[in-house]
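> Sharing a structure below in structure tokens format, with a few things to ask.
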Amino acid sequence: MRLRVATCRTLPEIDVDAAPLAAALAAHGFSAELAAWDDPTIDWDAPIPTILRSTWNYALDVVGFLSWIDRVSETSTLWNPPAIVHGNVHKRYLIDLAARGVPTVPTRIIERGTTVDLDELAADLGSQRLVIKPEVGAGSLGTRLFTIGGPPTNPTPHAHLASLTSRGAALVQPYVASVAGYGERSMVWIDGELSHAIRKAPRFVGDIERIEGPFPILADERAVAEAALAPVADQILYGRVDLARDEAGAPMVMELELVEPSLYFTRQLGSADRFAAGLRRRLAHAPS
Ligand SMILES: Nc1ncnc2c1ncn2[C@@H]1O[C@H](COP(=O)(O)OP(=O)(O)O)[C@@H](O)[C@H]1O
Ligand SMILES: [Mg+2]
């Protein structure tokens, strides 16, 4: 069965999932081809099941990406489904998670073209160290850490915020110190259940990705990850919940990745196989 594995023309970094996924897909009878979402020479109207994988530059053209999502899903089945993708590209979903009672990193949205007094916001959030990042982002693009009232920086926090809000909405969060020690923990979800957890080192703009693991999924992490995914659990093929711990040690959601998360297949034996099997089963019930 033919399958398109969506990537992008210029990968910002190596896709560590590509090789194990290709092997698992082949073992499950797929004839998979890599297809860059931003390649206009591809016939995207051809009905070929498509999975989103390394489409990592989409934040640079989110409008184009979402219209590509709509175009592909018009004639082809797409995982994750288009409605899930639409709901996940803007990080304001964090506000909805928090409203649903899921522990979440405190987040303020600064709308496009607006500004905010960062001294007041720091006081309000109870932290002089603030992370300022674009509302649509991947790979730490545009994500910077500042100390409000600290030594001068280039850019200044206000200048960085202004440069983000000139293009789109921005997020301001208190810096969560546990990312440096315990680490950000990514809970990988594949085909109906949590599969494995890995640890990510802190990463700001310009840093490379460094991961370790697998680590055991602790009970409190499982509870938060499952609560975050509950409304979409039966609609997604894959997902990832990135957690950090608050000052009291309780896990909270830093990011919910339902578009094109790395799933770190090499870290968990059999996980790429589960992905391929889950896809196969879904396609058996899908129109194309
Ligand atoms: N509030 C925060 N506290 C501490 N570190 C953060 C915070 N927000 C982001 N980071 C760091 O920046 C990285 C990228 O931010 P994230 O929200 O995961 O966006 P993306 O992965 O989509 O670029 C995180 O993996 C983490 O290392
Ligand atoms: Mg992230």
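Identifiers in the structure tokens: chain A, B, ... in order shown; residue index from 1 per chain; ligand index from 1 in order shown.
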List as CSV every residue of chain A that is in contact with ligand 2, defined as an atom at most 10 Å from one of its atoms (using only C-alpha atoms and all ligand atoms), together with the nearest atom pair and the distance in Å rounded to one decimal, sorted by chain and then rising number.

residue,atom,partner,partner_atom_place_in_ligand_line,distance
A:Gly137,CA,ligand 2,1 (Mg),8.5
A:Ala138,CA,ligand 2,1 (Mg),6.5
A:Gly139,CA,ligand 2,1 (Mg),6.5
A:Ser140,CA,ligand 2,1 (Mg),6.6
A:Leu141,CA,ligand 2,1 (Mg),9.8
A:Thr143,CA,ligand 2,1 (Mg),9.9
A:Glu184,CA,ligand 2,1 (Mg),8.9
A:Ser186,CA,ligand 2,1 (Mg),8.9
A:Lys200,CA,ligand 2,1 (Mg),9.1
A:Pro202,CA,ligand 2,1 (Mg),9.6
A:Arg203,CA,ligand 2,1 (Mg),8.5
A:Phe204,CA,ligand 2,1 (Mg),9.8
A:Glu209,CA,ligand 2,1 (Mg),9.9
A:Arg240,CA,ligand 2,1 (Mg),9.6
A:Val241,CA,ligand 2,1 (Mg),9.2
A:Asp242,CA,ligand 2,1 (Mg),6.9
A:Leu243,CA,ligand 2,1 (Mg),9.6
A:Met254,CA,ligand 2,1 (Mg),7.6
A:Glu255,CA,ligand 2,1 (Mg),5.9
A:Leu256,CA,ligand 2,1 (Mg),8.2
A:Glu257,CA,ligand 2,1 (Mg),7.7
A:Pro261,CA,ligand 2,1 (Mg),8.6
A:Ser262,CA,ligand 2,1 (Mg),9.9
> Generate the output file for the selected residues, N, CA and C atoms, as a compact mmCIF listing (two decimals), in the first residue's frame.

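This went into selection-v2.txt:
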# COMPACT_ATOMS: atom_id res chain seq x y z
N GLY A 137 5.40 27.66 16.81
CA GLY A 137 6.85 27.45 16.77
C GLY A 137 7.18 25.99 16.88
N ALA A 138 8.36 25.65 16.45
CA ALA A 138 8.88 24.29 16.59
C ALA A 138 10.39 24.40 16.64
N GLY A 139 11.02 23.41 17.25
CA GLY A 139 12.48 23.39 17.27
C GLY A 139 13.09 24.58 17.99
N SER A 140 12.37 25.13 18.96
CA SER A 140 12.86 26.25 19.77
C SER A 140 13.07 27.55 18.99
N LEU A 141 12.59 27.59 17.77
CA LEU A 141 12.71 28.79 16.94
C LEU A 141 12.11 30.00 17.68
N THR A 143 12.59 31.07 20.61
CA THR A 143 12.36 30.90 22.05
C THR A 143 13.57 31.40 22.83
N GLU A 184 13.05 18.26 30.99
CA GLU A 184 11.75 18.18 30.34
C GLU A 184 11.55 16.71 29.97
N SER A 186 9.41 13.97 27.88
CA SER A 186 8.48 13.80 26.79
C SER A 186 7.82 12.43 26.90
N LYS A 200 14.63 15.55 27.79
CA LYS A 200 15.26 16.53 26.88
C LYS A 200 16.00 17.57 27.68
N PRO A 202 17.52 21.35 28.32
CA PRO A 202 16.94 22.66 27.97
C PRO A 202 17.43 23.12 26.60
N ARG A 203 16.54 23.76 25.87
CA ARG A 203 16.90 24.16 24.52
C ARG A 203 16.27 25.51 24.20
N PHE A 204 17.15 26.47 23.91
CA PHE A 204 16.66 27.77 23.47
C PHE A 204 17.17 28.02 22.06
N GLU A 209 19.21 19.73 19.74
CA GLU A 209 18.41 18.87 20.59
C GLU A 209 19.28 17.78 21.22
N ARG A 240 2.66 13.55 21.62
CA ARG A 240 3.71 13.63 22.64
C ARG A 240 3.32 14.71 23.63
N VAL A 241 3.45 14.41 24.89
CA VAL A 241 3.16 15.41 25.92
C VAL A 241 4.48 15.72 26.62
N ASP A 242 4.91 16.97 26.51
CA ASP A 242 6.17 17.37 27.14
C ASP A 242 5.86 17.99 28.50
N LEU A 243 6.46 17.43 29.52
CA LEU A 243 6.17 17.83 30.89
C LEU A 243 7.38 18.47 31.56
N MET A 254 4.13 21.36 29.34
CA MET A 254 4.86 22.47 28.72
C MET A 254 4.46 22.56 27.25
N GLU A 255 4.23 21.43 26.65
CA GLU A 255 3.84 21.42 25.25
C GLU A 255 3.10 20.13 24.94
N LEU A 256 2.08 20.25 24.09
CA LEU A 256 1.35 19.08 23.60
C LEU A 256 1.61 19.05 22.10
N GLU A 257 2.22 17.99 21.64
CA GLU A 257 2.66 17.93 20.24
C GLU A 257 1.84 16.91 19.47
N PRO A 261 5.57 15.60 16.06
CA PRO A 261 6.59 15.38 17.09
C PRO A 261 7.55 14.27 16.72
N SER A 262 8.82 14.42 17.07
CA SER A 262 9.73 13.28 17.08
C SER A 262 9.19 12.29 18.10
> With only C-alpha atoms as the counted atoms, please give the residues lying no more than 8 Å from A:Val102, apart from itself and same-chain residues fewer than 4 positions off, as a compact mmCIF listing (two decimals) with C-alpha atoms, in the first residue's frame.

# COMPACT_ATOMS: atom_id res chain seq x y z
CA LEU A 97 -5.76 22.73 28.78
CA ALA A 98 -5.41 24.88 31.89
CA VAL A 224 -1.11 14.48 33.57
CA ALA A 227 -5.52 13.98 31.14
CA ALA A 228 -4.02 16.26 28.49
CA MET A 252 2.67 20.20 34.28
CA VAL A 253 2.30 20.36 30.52
> Check stretch 91-274 of chain A with DSSP on the backbone and list each residue it calls strand (DSSP E), as number ranges by chain.
A: 108-110, 129-134, 144-147, 170-174, 184-190, 193-200, 211-215, 238-245, 251-257
> With N, CA and C atoms retained, write the just-selected residues as a compact mmCIF listing (two decimals), in the first residue's frame.

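The file below, again_26.txt, is the result:
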# COMPACT_ATOMS: atom_id res chain seq x y z
N ARG A 108 0.85 33.37 29.31
CA ARG A 108 0.10 34.56 28.88
C ARG A 108 0.28 34.71 27.37
N ILE A 109 -0.83 34.98 26.70
CA ILE A 109 -0.77 35.21 25.25
C ILE A 109 -0.70 36.71 25.02
N ILE A 110 0.28 37.14 24.25
CA ILE A 110 0.36 38.55 23.85
C ILE A 110 -0.02 38.57 22.36
N ARG A 129 12.50 35.60 35.77
CA ARG A 129 12.99 34.90 34.58
C ARG A 129 11.80 34.48 33.72
N LEU A 130 11.76 35.02 32.52
CA LEU A 130 10.63 34.76 31.63
C LEU A 130 11.11 34.15 30.32
N VAL A 131 10.33 33.20 29.83
CA VAL A 131 10.56 32.66 28.48
C VAL A 131 9.58 33.34 27.55
N ILE A 132 10.12 33.89 26.46
CA ILE A 132 9.28 34.57 25.46
C ILE A 132 9.43 33.80 24.16
N LYS A 133 8.30 33.33 23.61
CA LYS A 133 8.38 32.50 22.41
C LYS A 133 7.19 32.75 21.50
N PRO A 134 7.34 32.39 20.22
CA PRO A 134 6.22 32.60 19.30
C PRO A 134 5.09 31.62 19.58
N ARG A 144 13.35 32.42 23.66
CA ARG A 144 14.46 33.00 24.42
C ARG A 144 14.10 33.15 25.89
N LEU A 145 15.15 33.04 26.70
CA LEU A 145 15.01 33.22 28.14
C LEU A 145 15.59 34.58 28.53
N PHE A 146 14.83 35.34 29.34
CA PHE A 146 15.29 36.65 29.79
C PHE A 146 15.15 36.77 31.31
N THR A 147 16.00 37.61 31.90
CA THR A 147 15.80 38.00 33.29
C THR A 147 15.35 39.45 33.30
N ALA A 170 2.46 35.97 20.66
CA ALA A 170 3.61 35.44 21.40
C ALA A 170 3.13 34.88 22.73
N LEU A 171 3.95 34.01 23.30
CA LEU A 171 3.67 33.45 24.62
C LEU A 171 4.72 33.93 25.60
N VAL A 172 4.28 34.28 26.80
CA VAL A 172 5.22 34.56 27.88
C VAL A 172 4.91 33.59 29.01
N GLN A 173 5.97 32.93 29.49
CA GLN A 173 5.83 31.97 30.60
C GLN A 173 6.93 32.22 31.62
N PRO A 174 6.67 31.88 32.88
CA PRO A 174 7.79 31.89 33.82
C PRO A 174 8.78 30.79 33.40
N GLU A 184 13.05 18.26 30.99
CA GLU A 184 11.75 18.18 30.34
C GLU A 184 11.55 16.71 29.97
N ARG A 185 10.41 16.17 30.32
CA ARG A 185 10.15 14.76 30.03
C ARG A 185 9.08 14.67 28.95
N SER A 186 9.41 13.97 27.88
CA SER A 186 8.48 13.80 26.79
C SER A 186 7.82 12.43 26.90
N MET A 187 6.50 12.46 27.01
CA MET A 187 5.71 11.22 27.07
C MET A 187 5.21 10.93 25.66
N VAL A 188 5.69 9.84 25.10
CA VAL A 188 5.33 9.51 23.71
C VAL A 188 4.11 8.60 23.69
N TRP A 189 3.12 9.00 22.90
CA TRP A 189 1.86 8.27 22.78
C TRP A 189 1.80 7.65 21.38
N ILE A 190 1.57 6.36 21.31
CA ILE A 190 1.43 5.70 20.01
C ILE A 190 0.25 4.75 20.06
N GLU A 193 -1.98 4.35 23.48
CA GLU A 193 -1.41 4.34 24.84
C GLU A 193 -0.03 5.00 24.89
N LEU A 194 0.36 5.37 26.11
CA LEU A 194 1.70 5.91 26.28
C LEU A 194 2.70 4.79 26.02
N SER A 195 3.73 5.12 25.26
CA SER A 195 4.70 4.11 24.86
C SER A 195 5.99 4.22 25.66
N HIS A 196 6.56 5.41 25.73
CA HIS A 196 7.83 5.58 26.44
C HIS A 196 8.06 7.04 26.78
N ALA A 197 9.03 7.27 27.65
CA ALA A 197 9.35 8.64 28.08
C ALA A 197 10.83 8.89 27.86
N ILE A 198 11.15 10.09 27.39
CA ILE A 198 12.56 10.46 27.27
C ILE A 198 12.77 11.81 27.95
N ARG A 199 14.03 12.13 28.17
CA ARG A 199 14.39 13.39 28.82
C ARG A 199 15.05 14.30 27.80
N LYS A 200 14.63 15.55 27.79
CA LYS A 200 15.26 16.53 26.88
C LYS A 200 16.00 17.57 27.68
N ILE A 211 18.82 14.43 23.81
CA ILE A 211 17.86 13.62 24.56
C ILE A 211 18.54 12.42 25.20
N GLU A 212 17.89 11.89 26.24
CA GLU A 212 18.35 10.68 26.92
C GLU A 212 17.13 9.83 27.24
N GLY A 213 17.37 8.56 27.44
CA GLY A 213 16.27 7.70 27.85
C GLY A 213 16.24 6.41 27.08
N PRO A 214 15.27 5.58 27.28
CA PRO A 214 13.99 5.87 27.94
C PRO A 214 14.09 5.88 29.47
N PHE A 215 13.12 6.60 30.07
CA PHE A 215 12.94 6.61 31.52
C PHE A 215 11.60 5.98 31.83
N TYR A 238 -0.66 9.27 16.93
CA TYR A 238 0.56 9.52 17.71
C TYR A 238 0.42 10.88 18.39
N GLY A 239 1.24 11.09 19.38
CA GLY A 239 1.28 12.39 20.05
C GLY A 239 2.40 12.38 21.06
N ARG A 240 2.66 13.55 21.62
CA ARG A 240 3.71 13.63 22.64
C ARG A 240 3.32 14.71 23.63
N VAL A 241 3.45 14.41 24.89
CA VAL A 241 3.16 15.41 25.92
C VAL A 241 4.48 15.72 26.62
N ASP A 242 4.91 16.97 26.51
CA ASP A 242 6.17 17.37 27.14
C ASP A 242 5.86 17.99 28.50
N LEU A 243 6.46 17.43 29.52
CA LEU A 243 6.17 17.83 30.89
C LEU A 243 7.38 18.47 31.56
N ALA A 244 7.09 19.41 32.46
CA ALA A 244 8.13 19.94 33.34
C ALA A 244 7.54 19.91 34.75
N ARG A 245 8.39 19.98 35.76
CA ARG A 245 7.89 19.95 37.13
C ARG A 245 7.92 21.35 37.75
N PRO A 251 4.16 17.56 38.08
CA PRO A 251 4.29 17.71 36.63
C PRO A 251 3.22 18.61 36.03
N MET A 252 3.62 19.37 35.03
CA MET A 252 2.67 20.20 34.28
C MET A 252 3.05 20.17 32.80
N VAL A 253 2.07 20.44 31.97
CA VAL A 253 2.30 20.36 30.52
C VAL A 253 3.04 21.60 30.04
N MET A 254 4.13 21.36 29.34
CA MET A 254 4.86 22.47 28.72
C MET A 254 4.46 22.56 27.25
N GLU A 255 4.23 21.43 26.65
CA GLU A 255 3.84 21.42 25.25
C GLU A 255 3.10 20.13 24.94
N LEU A 256 2.08 20.25 24.09
CA LEU A 256 1.35 19.08 23.60
C LEU A 256 1.61 19.05 22.10
N GLU A 257 2.22 17.99 21.64
CA GLU A 257 2.66 17.93 20.24
C GLU A 257 1.84 16.91 19.47
> Using only C-alpha atoms, which protein or nucleic acid residues come within 12 Å of A:Thr115? Drop anything in the same chain fewer than 5 positions from it, and give the result as a list in words.
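What passes the distance filter is Arg108, Ile109, Ile110, Glu120, Leu121, Pro157, His158, Ala159, His160, Leu161, Ala162, Ser163, Leu164, Thr165, Ser166, Gly168, Ala169, Ala170, Leu171 and Val172 of chain A.
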> Kindly indicate which residue among A:Ala272, A:Ala223, A:Val105, A:Ile236 lies nearest to ligand 1, using only C-alpha atoms and all ligand atoms for the distances.
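Residue with the minimum atom-to-atom distance to ligand 1: A:Val105.
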> Using only C-alpha atoms and all ligand atoms, pick whichever of A:Ile148, A:Leu94, A:Leu118, A:Ala277 has the shortest atom-to-atom distance to ligand 1.
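Using only C-alpha atoms and all ligand atoms, ligand 1 sits closest to A:Leu94.
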> Could you state the separation of atom CA of A:Met1 and atom CA of A:Trp44 in Å, given to one decimal place?
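About the pair atom CA of A:Met1 and atom CA of A:Trp44: they are 17.0 Å apart.
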> Give me, as a ChimeraX atom specification, the residues of stretch 7-190 of chain A that a backbone DSSP run labels helix (DSSP H, G or I).
/A:18-27,58-75,82-88,93-99,118-125,157-165,177-179
> Could you work out how far atom CA of A:Pro82 lies from atom CA of A:Leu229, giving the answer in Å with one decimal?
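Spanning atom CA of A:Leu229 to atom CA of A:Pro82 is a straight-line distance of 16.3 Å.
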> As a CSV table (one decimal) with N, CA and C atoms, in the first residue's frame, please: the residues near stretch 17-30 of chain A (cut-off 6 Å, only C-alpha atoms, same-chain neighbours under 5 positions excluded).

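So the final result, stored in result-v6.csv, reads:
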chain,number,residue,atom,x,y,z
A,1,MET,N,0.8,-1.2,0.0
A,1,MET,CA,0.0,0.0,0.0
A,1,MET,C,0.9,1.3,0.0
A,2,ARG,N,0.5,2.2,-0.9
A,2,ARG,CA,1.3,3.4,-1.0
A,2,ARG,C,1.1,4.3,0.3
A,264,TYR,N,11.0,9.3,18.8
A,264,TYR,CA,12.2,8.7,19.4
A,264,TYR,C,12.1,7.2,19.4
A,265,PHE,N,11.7,6.6,18.2
A,265,PHE,CA,11.5,5.2,18.1
A,265,PHE,C,12.7,4.4,18.6
A,272,ALA,N,8.2,1.7,16.8
A,272,ALA,CA,8.0,2.0,15.4
A,272,ALA,C,7.0,1.0,14.8
A,273,ASP,N,7.2,-0.2,15.3
A,273,ASP,CA,6.3,-1.3,14.9
A,273,ASP,C,4.8,-1.0,15.3
A,276,ALA,N,3.4,1.6,13.0
A,276,ALA,CA,3.0,1.1,11.7
A,276,ALA,C,1.8,0.2,11.7
> Residues within 8 Å of A:Asp246, please, as a ChimeraX atom specification. Count only C-alpha atoms; anything in the same chain fewer than 3 positions from it doesn't count.
/A:176-178,249-252
> Could you jot down the atom CA of A:Leu279 to atom CA of A:Val89 separation for me, Å, one decimal place?
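Distance between the two atoms: 22.0 Å.
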> Which residue out of A:Ala36, A:Ala219, A:Ala225, A:Leu52 has the minimum interatomic distance to A:Thr104 when only C-alpha atoms are used?
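Closest to A:Thr104 of all the choices is A:Ala225.
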> Would you pick out the contacts of A:Pro49 at 8 Å or less, using only C-alpha atoms, so that residues sharing its chain but fewer than 4 positions from it are not included, and give the list as a PDB file with N, CA and C atoms, in the first residue's frame?

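In the end it all went to out-v9.pdb:
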ATOM      1  N   ARG A   2       0.524   2.199  -0.890  1.00  0.00           N
ATOM      2  CA  ARG A   2       1.322   3.432  -0.961  1.00  0.00           C
ATOM      3  C   ARG A   2       1.060   4.320   0.257  1.00  0.00           C
ATOM      4  N   LEU A   3       2.085   5.029   0.621  1.00  0.00           N
ATOM      5  CA  LEU A   3       1.978   5.939   1.765  1.00  0.00           C
ATOM      6  C   LEU A   3       2.934   7.095   1.543  1.00  0.00           C
ATOM      7  N   ARG A   4       2.452   8.327   1.831  1.00  0.00           N
ATOM      8  CA  ARG A   4       3.359   9.473   1.795  1.00  0.00           C
ATOM      9  C   ARG A   4       3.765   9.818   3.219  1.00  0.00           C
ATOM     10  N   SER A  76      -7.163  12.620   0.649  1.00  0.00           N
ATOM     11  CA  SER A  76      -6.370  11.540   1.253  1.00  0.00           C
ATOM     12  C   SER A  76      -6.594  11.514   2.752  1.00  0.00           C
ATOM     13  N   THR A  77      -6.497  10.321   3.335  1.00  0.00           N
ATOM     14  CA  THR A  77      -6.541  10.275   4.795  1.00  0.00           C
ATOM     15  C   THR A  77      -5.204  10.773   5.322  1.00  0.00           C
ATOM     16  N   LEU A  78      -5.296  11.487   6.430  1.00  0.00           N
ATOM     17  CA  LEU A  78      -4.118  12.147   6.983  1.00  0.00           C
ATOM     18  C   LEU A  78      -4.046  11.863   8.468  1.00  0.00           C
ATOM     19  N   LEU A 283      -5.998   2.441   8.426  1.00  0.00           N
ATOM     20  CA  LEU A 283      -6.218   2.533   6.984  1.00  0.00           C
ATOM     21  C   LEU A 283      -7.198   1.478   6.497  1.00  0.00           C
ATOM     22  N   SER A 288      -9.503   6.142   1.941  1.00  0.00           N
ATOM     23  CA  SER A 288      -8.420   6.123   0.943  1.00  0.00           C
ATOM     24  C   SER A 288      -7.079   5.886   1.620  1.00  0.00           C
TER      25      SER A 288
END
